[in-house]
>>> print(open('coords.csv').read())   # CSV, C-alpha atoms
chain,number,residue,atom,x,y,z
C,1,MET,CA,7.3,-29.1,5.3
C,2,LYS,CA,10.3,-26.8,5.9
C,3,GLY,CA,10.2,-25.8,2.2
C,4,ASP,CA,6.5,-24.9,2.5
C,5,THR,CA,7.1,-22.9,5.6
C,6,LYS,CA,9.9,-21.0,4.0
C,7,LEU,CA,7.9,-20.3,0.8
C,8,LEU,CA,4.8,-19.2,2.9
C,9,LEU,CA,7.0,-16.9,4.9
C,10,GLN,CA,8.4,-15.4,1.7
C,11,GLY,CA,4.9,-14.9,0.3
C,12,ILE,CA,3.6,-13.3,3.6
C,13,THR,CA,6.6,-10.9,3.9
C,14,ALA,CA,6.3,-9.9,0.2
C,15,GLN,CA,2.7,-9.1,0.5
C,16,SER,CA,2.7,-7.5,3.9
C,17,GLY,CA,5.8,-5.5,3.0
C,18,THR,CA,3.9,-4.2,-0.1
C,19,ILE,CA,0.9,-3.1,2.1
C,20,ILE,CA,2.7,-1.5,5.0
C,21,GLY,CA,4.2,1.7,3.7
C,22,ALA,CA,3.9,5.5,4.1
C,23,GLY,CA,0.1,5.3,4.6
C,24,PHE,CA,0.1,4.1,8.1
C,25,LEU,CA,2.3,7.0,9.2
C,26,GLY,CA,-0.7,9.3,8.5
C,27,ILE,CA,-3.3,7.2,10.3
C,28,PRO,CA,-2.6,8.5,13.8
C,29,TYR,CA,-3.0,12.1,12.5
C,30,ALA,CA,-6.4,11.3,10.9
C,31,MET,CA,-7.6,9.4,14.0
C,32,ASN,CA,-6.5,12.2,16.2
C,33,LYS,CA,-8.7,14.6,14.1
C,34,ALA,CA,-11.8,12.3,13.7
C,35,GLY,CA,-11.5,10.3,16.9
C,36,PHE,CA,-9.7,7.1,17.7
C,37,PHE,CA,-12.6,4.8,17.7
C,38,THR,CA,-13.9,6.3,14.4
C,39,GLY,CA,-10.5,5.6,12.9
C,40,LEU,CA,-10.4,2.1,14.5
C,41,ALA,CA,-13.7,1.3,12.7
C,42,TYR,CA,-12.1,2.4,9.5
C,43,ILE,CA,-9.1,0.2,10.1
C,44,ILE,CA,-11.1,-2.9,10.8
C,45,GLY,CA,-13.8,-2.3,8.2
C,46,ILE,CA,-11.5,-1.4,5.3
C,47,GLY,CA,-9.0,-4.0,6.4
C,48,MET,CA,-11.5,-6.8,6.1
C,49,ILE,CA,-12.9,-5.5,2.8
C,50,MET,CA,-9.4,-5.4,1.4
C,51,LEU,CA,-8.7,-8.9,2.7
C,52,LEU,CA,-11.7,-10.1,0.7
C,53,VAL,CA,-10.7,-8.1,-2.4
C,54,ASN,CA,-7.2,-9.5,-2.2
C,55,LEU,CA,-8.6,-13.0,-2.1
C,56,TYR,CA,-10.8,-12.3,-5.1
C,57,TYR,CA,-7.8,-10.9,-7.0
C,58,ALA,CA,-5.7,-13.9,-6.0
C,59,GLU,CA,-8.4,-16.2,-7.4
C,60,ILE,CA,-8.4,-14.1,-10.7
C,61,ILE,CA,-4.6,-14.6,-10.9
C,62,LEU,CA,-4.9,-18.3,-10.3
C,63,ARG,CA,-7.7,-18.7,-12.9
C,64,THR,CA,-5.3,-17.2,-15.5
C,65,ASN,CA,-2.4,-19.0,-17.1
C,66,LYS,CA,-0.3,-15.9,-17.9
C,67,ILE,CA,0.8,-13.6,-15.1
C,68,HIS,CA,-0.1,-10.0,-15.6
C,69,GLN,CA,-0.5,-6.8,-13.6
C,70,HIS,CA,-4.0,-5.5,-12.9
C,71,PRO,CA,-4.4,-3.7,-16.3
C,72,GLY,CA,-3.5,-7.0,-18.1
C,73,TYR,CA,-6.2,-8.9,-16.2
C,74,ALA,CA,-8.6,-6.0,-16.8
C,75,GLU,CA,-8.0,-6.3,-20.5
C,76,LYS,CA,-8.5,-10.1,-20.5
C,77,TYR,CA,-11.8,-10.0,-18.5
C,78,LEU,CA,-13.2,-6.5,-19.2
C,79,GLY,CA,-11.7,-5.5,-22.6
C,80,LYS,CA,-9.6,-2.6,-23.7
C,81,LYS,CA,-11.6,0.0,-21.9
C,82,GLY,CA,-11.2,-1.9,-18.7
C,83,LYS,CA,-7.4,-2.0,-19.3
C,84,ARG,CA,-7.3,1.8,-19.8
C,85,ILE,CA,-9.3,2.5,-16.7
C,86,SER,CA,-7.2,0.2,-14.6
C,87,PHE,CA,-3.9,1.6,-15.9
C,88,ILE,CA,-5.0,5.2,-15.3
C,89,ALA,CA,-5.9,4.3,-11.7
C,90,LEU,CA,-2.6,2.5,-11.3
C,91,LEU,CA,-0.7,5.5,-12.7
C,92,VAL,CA,-2.5,8.0,-10.4
C,93,GLY,CA,-2.3,5.8,-7.4
C,94,ALA,CA,1.3,4.7,-7.9
C,95,TYR,CA,2.5,8.2,-8.5
C,96,ALA,CA,0.7,9.3,-5.3
C,97,MET,CA,2.5,6.5,-3.5
C,98,PHE,CA,5.9,7.4,-4.8
C,99,LEU,CA,5.3,11.1,-4.0
C,100,ALA,CA,4.2,10.2,-0.5
C,101,TYR,CA,7.1,7.9,0.0
C,102,LEU,CA,9.7,10.4,-1.3
C,103,LEU,CA,8.3,13.2,0.9
C,104,ALA,CA,8.0,11.1,4.0
C,105,GLU,CA,11.5,9.5,3.5
C,106,GLY,CA,13.0,13.0,2.8
C,107,GLN,CA,11.4,14.5,6.0
C,108,SER,CA,12.2,11.4,8.1
C,109,LEU,CA,15.8,11.2,7.1
C,110,SER,CA,16.2,15.0,7.4
C,111,THR,CA,14.7,14.9,10.9
C,112,LEU,CA,16.8,11.9,11.8
C,113,PHE,CA,20.1,13.5,10.9
C,114,PHE,CA,19.5,17.2,11.4
C,115,GLY,CA,16.5,17.4,13.7
C,116,ASN,CA,14.4,19.3,11.2
C,117,THR,CA,12.8,18.9,7.7
C,118,SER,CA,15.0,21.5,5.9
C,119,HIS,CA,16.7,18.8,3.8
C,120,VAL,CA,13.7,17.0,2.3
C,121,LEU,CA,15.0,17.5,-1.2
C,122,GLU,CA,18.4,16.2,-0.6
C,123,PHE,CA,17.4,13.1,1.3
C,124,GLY,CA,14.4,12.4,-1.0
C,125,THR,CA,16.9,12.5,-3.9
C,126,LEU,CA,19.2,10.0,-2.2
C,127,PHE,CA,16.4,7.7,-1.5
C,128,PHE,CA,15.3,7.9,-5.1
C,129,ILE,CA,18.8,7.0,-6.3
C,130,LEU,CA,18.9,4.0,-4.0
C,131,MET,CA,15.5,2.7,-5.1
C,132,SER,CA,16.3,3.3,-8.7
C,133,TYR,CA,19.3,1.1,-8.4
C,134,LEU,CA,17.3,-1.7,-6.7
C,135,SER,CA,14.6,-1.5,-9.3
C,136,ILE,CA,17.1,-2.2,-12.1
C,137,ARG,CA,18.2,-5.3,-10.3
C,138,GLY,CA,14.5,-6.4,-10.1
C,139,MET,CA,12.8,-9.2,-8.2
C,140,LYS,CA,16.1,-10.8,-7.1
C,141,ALA,CA,16.9,-7.7,-5.1
C,142,PHE,CA,13.4,-7.5,-3.8
C,143,LYS,CA,13.6,-11.1,-2.3
C,144,LYS,CA,16.8,-10.1,-0.6
C,145,TYR,CA,15.6,-7.1,1.2
C,146,GLU,CA,11.8,-7.5,1.8
C,147,LEU,CA,12.1,-9.9,4.8
C,148,PHE,CA,14.4,-7.5,6.7
C,149,GLY,CA,12.1,-4.5,6.1
C,150,SER,CA,8.9,-6.2,7.1
C,151,LEU,CA,10.2,-7.9,10.2
C,152,MET,CA,11.9,-4.7,11.4
C,153,VAL,CA,8.6,-2.8,11.1
C,154,ILE,CA,6.8,-5.4,13.3
C,155,MET,CA,9.6,-5.5,15.8
C,156,ILE,CA,9.9,-1.8,16.3
C,157,THR,CA,6.1,-1.5,16.5
C,158,ALA,CA,6.2,-4.1,19.3
C,159,LEU,CA,8.9,-2.0,21.0
C,160,LEU,CA,6.7,1.1,20.7
C,161,VAL,CA,3.8,-0.7,22.3
C,162,TYR,CA,6.1,-2.0,25.1
C,163,GLN,CA,7.6,1.4,25.8
C,164,TYR,CA,4.4,3.4,25.9
C,165,TYR,CA,1.9,0.8,27.1
C,166,PRO,CA,1.7,2.3,30.7
C,167,GLN,CA,0.6,5.6,29.2
C,168,ILE,CA,-2.3,4.3,27.2
C,169,SER,CA,-5.6,5.8,28.5
C,170,VAL,CA,-9.0,5.2,27.0
C,171,GLU,CA,-10.1,8.6,28.2
C,172,LYS,CA,-7.6,10.3,25.9
C,173,LEU,CA,-9.2,8.4,23.0
C,174,SER,CA,-12.8,9.1,23.6
C,175,LYS,CA,-13.2,12.3,21.6
C,176,PHE,CA,-15.3,12.4,18.4
C,177,ASN,CA,-15.2,15.2,15.7
C,178,PRO,CA,-17.8,14.8,13.0
C,179,ASP,CA,-16.1,17.6,10.9
C,180,PHE,CA,-13.3,15.1,10.2
C,181,LEU,CA,-15.4,12.0,9.9
C,182,ALA,CA,-14.4,11.4,6.3
C,183,LEU,CA,-10.7,12.1,6.7
C,184,PRO,CA,-9.5,8.6,7.7
C,185,PHE,CA,-11.2,6.9,4.7
C,186,GLY,CA,-8.7,7.6,2.0
C,187,ILE,CA,-5.7,7.5,4.3
C,188,VAL,CA,-6.7,4.1,5.7
C,189,LEU,CA,-7.6,2.7,2.3
C,190,PHE,CA,-4.2,3.9,1.0
C,191,SER,CA,-2.6,2.1,3.9
C,192,PHE,CA,-4.1,-1.2,2.9
C,193,LEU,CA,-3.2,-1.0,-0.8
C,194,GLY,CA,-1.1,-4.0,-1.7
C,195,ILE,CA,-3.2,-5.7,-4.4
C,196,ASP,CA,-0.5,-5.2,-7.0
C,197,GLY,CA,1.9,-7.2,-5.0
C,198,ILE,CA,-0.2,-10.4,-5.4
C,199,PRO,CA,1.1,-11.4,-8.8
C,200,GLY,CA,4.6,-11.2,-7.3
C,201,VAL,CA,3.4,-13.6,-4.6
C,202,ARG,CA,2.3,-16.1,-7.2
C,203,MET,CA,5.8,-15.8,-8.8
C,204,ILE,CA,7.4,-16.5,-5.4
C,205,LEU,CA,5.1,-19.4,-4.8
C,206,SER,CA,5.5,-20.8,-8.3
C,207,ARG,CA,4.4,-24.5,-8.4
C,208,ASN,CA,3.3,-24.1,-4.8
C,209,GLU,CA,0.2,-21.9,-5.5
C,210,ARG,CA,-1.8,-23.9,-3.0
C,211,LEU,CA,-0.1,-21.7,-0.3
C,212,MET,CA,-1.5,-18.5,-1.8
C,213,LYS,CA,-4.8,-18.4,0.2
C,214,LYS,CA,-3.1,-18.7,3.5
C,215,SER,CA,-0.4,-16.2,2.5
C,216,ILE,CA,-2.9,-13.6,1.4
C,217,ILE,CA,-5.0,-14.0,4.6
C,218,ILE,CA,-2.1,-13.7,7.0
C,219,SER,CA,-0.4,-10.8,5.1
C,220,SER,CA,-3.7,-8.9,5.1
C,221,ILE,CA,-4.4,-9.3,8.8
C,222,ILE,CA,-0.9,-8.3,9.9
C,223,PRO,CA,-1.4,-4.6,8.8
C,224,ILE,CA,-4.7,-4.5,10.7
C,225,LEU,CA,-2.8,-5.4,13.9
C,226,VAL,CA,0.2,-3.2,13.2
C,227,TYR,CA,-1.9,-0.1,12.4
C,228,THR,CA,-4.2,-0.6,15.4
C,229,ALA,CA,-1.3,-1.0,17.8
C,230,PHE,CA,0.7,1.9,16.3
C,231,SER,CA,-2.2,4.3,16.4
C,232,LEU,CA,-3.4,3.2,19.8
C,233,VAL,CA,0.0,4.1,21.4
C,234,VAL,CA,0.6,7.3,19.4
C,235,ASP,CA,-2.9,8.7,19.9
C,236,SER,CA,-3.0,7.9,23.6
C,237,SER,CA,0.5,9.1,24.4
C,238,PHE,CA,0.9,12.3,22.3
C,239,THR,CA,-1.2,15.4,21.7
C,240,ASN,CA,0.3,17.3,18.8
C,241,ILE,CA,0.6,14.6,16.2
C,242,PRO,CA,2.2,15.6,12.9
C,243,GLN,CA,1.0,14.2,9.5
C,244,ILE,CA,4.0,11.9,9.5
C,245,ALA,CA,3.5,10.5,13.0
C,246,THR,CA,7.0,9.1,13.6
C,247,LEU,CA,8.5,12.5,13.4
C,248,ALA,CA,7.2,13.2,16.9
C,249,LEU,CA,8.3,9.9,18.5
C,250,GLY,CA,12.1,10.0,18.5
C,251,LYS,CA,14.9,8.6,16.3
C,252,ILE,CA,14.2,4.9,16.7
C,253,PHE,CA,10.6,5.3,15.6
C,254,ILE,CA,11.7,7.5,12.7
C,255,VAL,CA,13.7,4.5,11.6
C,256,LEU,CA,10.4,2.5,11.8
C,257,GLY,CA,8.9,4.8,9.2
C,258,ILE,CA,11.9,4.7,6.9
C,259,LEU,CA,12.0,0.9,6.9
C,260,SER,CA,8.2,0.5,6.5
C,261,MET,CA,8.4,2.5,3.2
C,262,PHE,CA,11.4,0.7,1.8
C,263,THR,CA,9.8,-2.5,0.6
C,264,ALA,CA,6.4,-0.9,-0.3
C,265,TYR,CA,8.1,1.7,-2.6
C,266,PHE,CA,10.2,-1.0,-4.2
C,267,SER,CA,7.3,-3.4,-4.8
C,268,THR,CA,5.2,-0.6,-6.3
C,269,SER,CA,8.0,0.5,-8.6
C,270,LEU,CA,8.4,-3.0,-9.9
C,271,THR,CA,4.7,-3.3,-10.4
C,272,LEU,CA,4.4,-0.1,-12.5
C,273,LYS,CA,7.5,-0.9,-14.5
C,274,ASP,CA,6.2,-4.4,-15.3
C,275,SER,CA,2.9,-2.9,-16.3
C,276,PHE,CA,4.5,-0.5,-18.8
C,277,GLN,CA,6.7,-3.2,-20.1
C,278,ILE,CA,4.5,-6.4,-20.0
C,279,ASP,CA,1.0,-5.0,-20.4
C,280,HIS,CA,1.8,-2.1,-22.7
C,281,GLY,CA,4.8,-3.4,-24.6
C,282,HIS,CA,7.2,-0.5,-23.8
C,283,HIS,CA,10.9,-0.9,-24.1
C,284,PRO,CA,12.5,-1.7,-20.6
C,285,VAL,CA,14.4,1.6,-20.5
C,286,LEU,CA,11.2,3.6,-21.3
C,287,ALA,CA,9.2,1.6,-18.8
C,288,TRP,CA,11.9,2.3,-16.2
C,289,PHE,CA,11.7,6.1,-17.0
C,290,PHE,CA,7.9,6.3,-16.7
C,291,ALA,CA,7.7,4.1,-13.6
C,292,ILE,CA,10.7,5.5,-11.7
C,293,CYS,CA,12.0,8.8,-13.0
C,294,LEU,CA,8.7,10.6,-13.8
C,295,PRO,CA,7.4,10.4,-10.1
C,296,PHE,CA,10.7,11.9,-9.0
C,297,ILE,CA,10.2,14.9,-11.3
C,298,ILE,CA,6.7,15.4,-9.7
C,299,PHE,CA,8.4,15.2,-6.3
C,300,LEU,CA,10.7,18.0,-7.2
C,301,LEU,CA,7.8,20.2,-8.3
C,302,VAL,CA,5.9,19.5,-5.0
C,303,VAL,CA,8.9,20.2,-2.8
C,304,ASN,CA,9.6,23.5,-4.7
C,305,TYR,CA,6.0,24.7,-4.8
C,306,GLY,CA,4.4,22.9,-1.8
C,307,PHE,CA,0.9,22.6,-3.4
C,308,LEU,CA,0.0,19.2,-1.7
C,309,GLN,CA,0.2,18.0,1.9
C,310,PHE,CA,1.2,14.5,2.9
C,311,VAL,CA,-2.3,13.4,4.0
C,312,ASP,CA,-3.9,14.9,0.9
C,313,ILE,CA,-1.6,12.8,-1.3
C,314,LEU,CA,-2.5,9.7,0.7
C,315,SER,CA,-6.2,10.4,0.4
C,316,ILE,CA,-6.2,11.0,-3.3
C,317,GLY,CA,-4.0,7.9,-4.0
C,318,GLY,CA,-6.1,5.8,-1.7
C,319,VAL,CA,-9.5,6.5,-3.2
C,320,VAL,CA,-8.4,6.6,-6.8
C,321,LEU,CA,-6.3,3.4,-6.8
C,322,GLY,CA,-8.1,1.5,-4.0
C,323,GLY,CA,-11.6,2.5,-5.0
C,324,ILE,CA,-11.3,1.8,-8.7
C,325,TYR,CA,-9.2,-1.3,-8.4
C,326,GLY,CA,-11.5,-2.6,-5.7
C,327,ILE,CA,-14.6,-2.1,-7.9
C,328,MET,CA,-13.0,-3.6,-11.0
C,329,THR,CA,-11.7,-6.6,-9.1
C,330,LEU,CA,-15.2,-7.3,-7.8
C,331,ILE,CA,-16.4,-7.4,-11.4
C,332,MET,CA,-13.5,-9.3,-12.8
C,333,VAL,CA,-13.8,-12.2,-10.4
C,334,HIS,CA,-17.2,-13.0,-11.7
C,335,LYS,CA,-15.8,-13.0,-15.3
C,336,ALA,CA,-12.8,-15.1,-14.3
C,337,LYS,CA,-15.0,-17.8,-12.7
C,338,LYS,CA,-16.7,-18.1,-16.1
C,339,TYR,CA,-13.9,-17.5,-18.6
C,340,GLY,CA,-10.7,-18.3,-16.8
C,341,ASP,CA,-8.3,-20.6,-18.6
C,342,ARG,CA,-6.8,-22.3,-15.5
C,343,LYS,CA,-8.2,-24.3,-12.6
C,344,PRO,CA,-7.4,-22.3,-9.4
C,345,GLU,CA,-5.9,-23.8,-6.2
C,346,PHE,CA,-8.8,-22.2,-4.2
C,347,THR,CA,-12.1,-20.3,-4.9
C,348,ILE,CA,-13.9,-17.7,-2.8
C,349,MET,CA,-17.6,-17.7,-2.7
C,350,ASN,CA,-19.2,-14.5,-3.8
C,351,ASN,CA,-22.4,-13.1,-5.3
C,352,TRP,CA,-23.5,-9.8,-6.9
C,353,ALA,CA,-25.1,-8.6,-3.7
C,354,ILE,CA,-21.8,-8.7,-1.8
C,355,SER,CA,-20.0,-7.2,-4.7
C,356,ALA,CA,-22.5,-4.4,-5.1
C,357,SER,CA,-22.5,-3.6,-1.4
C,358,ILE,CA,-18.7,-3.3,-1.3
C,359,ALA,CA,-18.7,-1.2,-4.5
C,360,LEU,CA,-21.1,1.3,-3.0
C,361,ILE,CA,-18.8,1.7,0.0
C,362,PHE,CA,-15.9,2.4,-2.3
C,363,LEU,CA,-18.0,4.9,-4.3
C,364,ALA,CA,-19.3,6.7,-1.2
C,365,GLY,CA,-15.7,6.9,0.1
C,366,ILE,CA,-14.4,8.3,-3.1
C,367,ILE,CA,-17.0,11.1,-3.2
C,368,TRP,CA,-16.7,11.8,0.5
C,369,THR,CA,-12.9,12.0,0.4
C,370,ILE,CA,-12.8,14.3,-2.7
C,371,ILE,CA,-15.2,16.7,-1.0
C,372,GLN,CA,-13.0,16.6,2.1
C,373,VAL,CA,-9.8,17.3,0.2
C,374,LEU,CA,-11.3,20.2,-1.9
C,375,ARG,CA,-12.7,22.0,1.2
>>> encode(input="coords.csv", output="structure tokens")
Amino acid sequence: MKGDTKLLLQGITAQSGTIIGAGFLGIPYAMNKAGFFTGLAYIIGIGMIMLLVNLYYAEIILRTNKIHQHPGYAEKYLGKKGKRISFIALLVGAYAMFLAYLLAEGQSLSTLFFGNTSHVLEFGTLFFILMSYLSIRGMKAFKKYELFGSLMVIMITALLVYQYYPQISVEKLSKFNPDFLALPFGIVLFSFLGIDGIPGVRMILSRNERLMKKSIIISSIIPILVYTAFSLVVDSSFTNIPQIATLALGKIFIVLGILSMFTAYFSTSLTLKDSFQIDHGHHPVLAWFFAICLPFIIFLLVVNYGFLQFVDILSIGGVVLGGIYGIMTLIMVHKAKKYGDRKPEFTIMNNWAISASIALIFLAGIIWTIIQVLR
């Protein structure tokens, strides 16, 4: 039993650490613009949809003998075109994630040490060097650091709630602005992206895959609770909320943002590197360059020319990766139930009506968000 509990905890921390990243730092800003209860509806609705999508994807993984990343499963069940679409979505979404993490870490560390954001380039570069080193060490390093990062995020969020709980006022949260109704969609969807961490959970739970369902459910619910608590306190206690919310909260909460992005960045870098190497057959060094170094080059361009804002990056990454991955997973699970080559440890009931309804939500969100960003 102790062994099961330890493995389950490792699976939960791996997946929740993958989900909780830079995205949730932008949620209070979006909720402040659109209205808290509008944002809360997004958090709960998208959170539950992604919980279901994560379970579907876990079933696909368990119905397949060989472990892949999403493009590999797309090739198996949707063909080469499916693989290409999945990989393009992964590339756009992952690069958006890396760019958001590097910008947010650079601004957070600069504010932490100097009280301003003048040293984004230097601190973003230092963060990139650290994560590059860890990515070379691979999954062994990930297992060592993921638990610390995930637990610290939850602990400091609890501290934030405790400190500002007396200031929470529902009256401050009652506003509604239809002009920003679409703003939270891409940001919240980005904040729940962790689907590519699920193959890693299977690796962690190797020979104990029966624990995957419980691990996925718990690790998908934790972000809903964390995001709601964090946004509730921030939106009810502060008025001028920056795009990276923790920059307005003081040093200890800036540390919260730094830690929350640590494991998510690491997990995503491993996912992309594995996809280049395993699913596309690239040499490990070339895979490392495309997965780790190329996003840093884009970061340098964005810092120098400033043509994208933090929330725009979150929105684009969220709708491209989350929307396309979500729709493809809904299709793949039907195929895997018919053509999978392994008996899964659990199955999730689904039908085409449920899948079509969720797909329409993703499509509407994609269109809505693109219009919002291009305004």
>>> closest_residue(input="coords.csv", among="C:Ser86, C:Asn240, C:Gln277, C:Thr5", to="Gly323 of chain C", atoms="all atoms listed in the file")
C:Ser86
>>> atom_distance(input="coords.csv", atom1="atom CA of Pro166 of chain C", atom2="atom CA of Leu25 of chain C")
22.0 Å
>>> closest_residue(input="coords.csv", among="C:Ser206, C:Ser315, C:Ser269, C:Ser220", to="Leu7 of chain C", atoms="all atoms listed in the file")
C:Ser206
>>> atom_distance(input="coords.csv", atom1="atom CA of Leu247 of chain C", atom2="atom CA of Thr228 of chain C")
18.4 Å
>>> closest_residue(input="coords.csv", among="C:Leu189, C:Ala336, C:Ile27, C:Leu232", to="Ile168 of chain C", atoms="all atoms listed in the file")
C:Leu232
>>> atom_distance(input="coords.csv", atom1="atom CA of Ala291 of chain C", atom2="atom CA of Lys273 of chain C")
5.1 Å
>>> closest_residue(input="coords.csv", among="C:Leu62, C:Ile204, C:Val226, C:Ile156", to="Ile20 of chain C", atoms="all atoms listed in the file")
C:Val226
>>> closest_residue(input="coords.csv", among="C:Ile218, C:Ile331, C:Ile67, C:Leu159", to="Ile12 of chain C", atoms="all atoms listed in the file")
C:Ile218
>>> residues_near_point(input="coords.csv", point="(-14.5, -5.5, -6.6)", cutoff="10 Å", atoms="only C-alpha atoms", output="list in words")
Ile49, Met50, Leu52, Val53, Asn54, Tyr56, Tyr57, Gly322, Gly323, Ile324, Tyr325, Gly326, Ile327, Met328, Thr329, Leu330, Ile331, Met332, Val333, His334, Trp352, Ile354, Ser355, Ala356, Ser357, Ile358, Ala359 and Phe362 of chain C
>>> closest_residue(input="coords.csv", among="C:Val92, C:Leu183, C:Met349, C:Asn304", to="Leu321 of chain C", atoms="all atoms listed in the file")
C:Val92
>>> residues_around(input="coords.csv", residues="Leu314 of chain C", least_positions_apart="2", cutoff="10 Å", atoms="all atoms listed in the file", output="ChimeraX atom specification")
/C:22-24,26-27,93,96-97,99-101,184-191,309-312,316-319
>>> residues_around(input="coords.csv", residues="segment 249-251 of chain C", least_positions_apart="3", cutoff="6 Å", atoms="all atoms listed in the file", output="list in words")
Leu112, Thr246 and Ile254 of chain C
>>> residues_around(input="coords.csv", residues="Leu211 of chain C", least_positions_apart="4", cutoff="10 Å", atoms="all atoms listed in the file", output="list in words")
Asp4, Thr5, Leu7, Leu8, Gly11, Ile12, Val201, Arg202, Leu205, Ser206, Arg207, Ser215, Ile216, Glu345 and Phe346 of chain C
>>> write_last_selection(input="coords.csv", atoms="C-alpha atoms", output="mmCIF file, in the frame of the given file")
data_model
loop_
_atom_site.group_PDB
_atom_site.id
_atom_site.type_symbol
_atom_site.label_atom_id
_atom_site.label_comp_id
_atom_site.auth_asym_id
_atom_site.auth_seq_id
_atom_site.Cartn_x
_atom_site.Cartn_y
_atom_site.Cartn_z
ATOM 1 C CA ASP C 4 6.500 -24.900 2.500
ATOM 2 C CA THR C 5 7.100 -22.900 5.600
ATOM 3 C CA LEU C 7 7.900 -20.300 0.800
ATOM 4 C CA LEU C 8 4.800 -19.200 2.900
ATOM 5 C CA GLY C 11 4.900 -14.900 0.300
ATOM 6 C CA ILE C 12 3.600 -13.300 3.600
ATOM 7 C CA VAL C 201 3.400 -13.600 -4.600
ATOM 8 C CA ARG C 202 2.300 -16.100 -7.200
ATOM 9 C CA LEU C 205 5.100 -19.400 -4.800
ATOM 10 C CA SER C 206 5.500 -20.800 -8.300
ATOM 11 C CA ARG C 207 4.400 -24.500 -8.400
ATOM 12 C CA SER C 215 -0.400 -16.200 2.500
ATOM 13 C CA ILE C 216 -2.900 -13.600 1.400
ATOM 14 C CA GLU C 345 -5.900 -23.800 -6.200
ATOM 15 C CA PHE C 346 -8.800 -22.200 -4.200
#
>>> residues_around(input="coords.csv", residues="Phe253 of chain C", least_positions_apart="6", cutoff="12 Å", atoms="all atoms listed in the file", output="ChimeraX atom specification")
/C:25,108-109,111-112,152-161,163,230,234,244-247,259-260
>>> write_last_selection(input="coords.csv", atoms="C-alpha atoms", output="PDB file, in the coordinates of the input")
ATOM      1  CA  LEU C  25       2.300   7.000   9.200  1.00  0.00           C
ATOM      2  CA  SER C 108      12.200  11.400   8.100  1.00  0.00           C
ATOM      3  CA  LEU C 109      15.800  11.200   7.100  1.00  0.00           C
ATOM      4  CA  THR C 111      14.700  14.900  10.900  1.00  0.00           C
ATOM      5  CA  LEU C 112      16.800  11.900  11.800  1.00  0.00           C
ATOM      6  CA  MET C 152      11.900  -4.700  11.400  1.00  0.00           C
ATOM      7  CA  VAL C 153       8.600  -2.800  11.100  1.00  0.00           C
ATOM      8  CA  ILE C 154       6.800  -5.400  13.300  1.00  0.00           C
ATOM      9  CA  MET C 155       9.600  -5.500  15.800  1.00  0.00           C
ATOM     10  CA  ILE C 156       9.900  -1.800  16.300  1.00  0.00           C
ATOM     11  CA  THR C 157       6.100  -1.500  16.500  1.00  0.00           C
ATOM     12  CA  ALA C 158       6.200  -4.100  19.300  1.00  0.00           C
ATOM     13  CA  LEU C 159       8.900  -2.000  21.000  1.00  0.00           C
ATOM     14  CA  LEU C 160       6.700   1.100  20.700  1.00  0.00           C
ATOM     15  CA  VAL C 161       3.800  -0.700  22.300  1.00  0.00           C
ATOM     16  CA  GLN C 163       7.600   1.400  25.800  1.00  0.00           C
ATOM     17  CA  PHE C 230       0.700   1.900  16.300  1.00  0.00           C
ATOM     18  CA  VAL C 234       0.600   7.300  19.400  1.00  0.00           C
ATOM     19  CA  ILE C 244       4.000  11.900   9.500  1.00  0.00           C
ATOM     20  CA  ALA C 245       3.500  10.500  13.000  1.00  0.00           C
ATOM     21  CA  THR C 246       7.000   9.100  13.600  1.00  0.00           C
ATOM     22  CA  LEU C 247       8.500  12.500  13.400  1.00  0.00           C
ATOM     23  CA  LEU C 259      12.000   0.900   6.900  1.00  0.00           C
ATOM     24  CA  SER C 260       8.200   0.500   6.500  1.00  0.00           C
TER      25      SER C 260
END
>>> residues_around(input="coords.csv", residues="Cys293 of chain C", least_positions_apart="5", cutoff="9 Å", atoms="only C-alpha atoms", output="list of chain:residue names")
C:Phe128, C:Ser132, C:Trp288
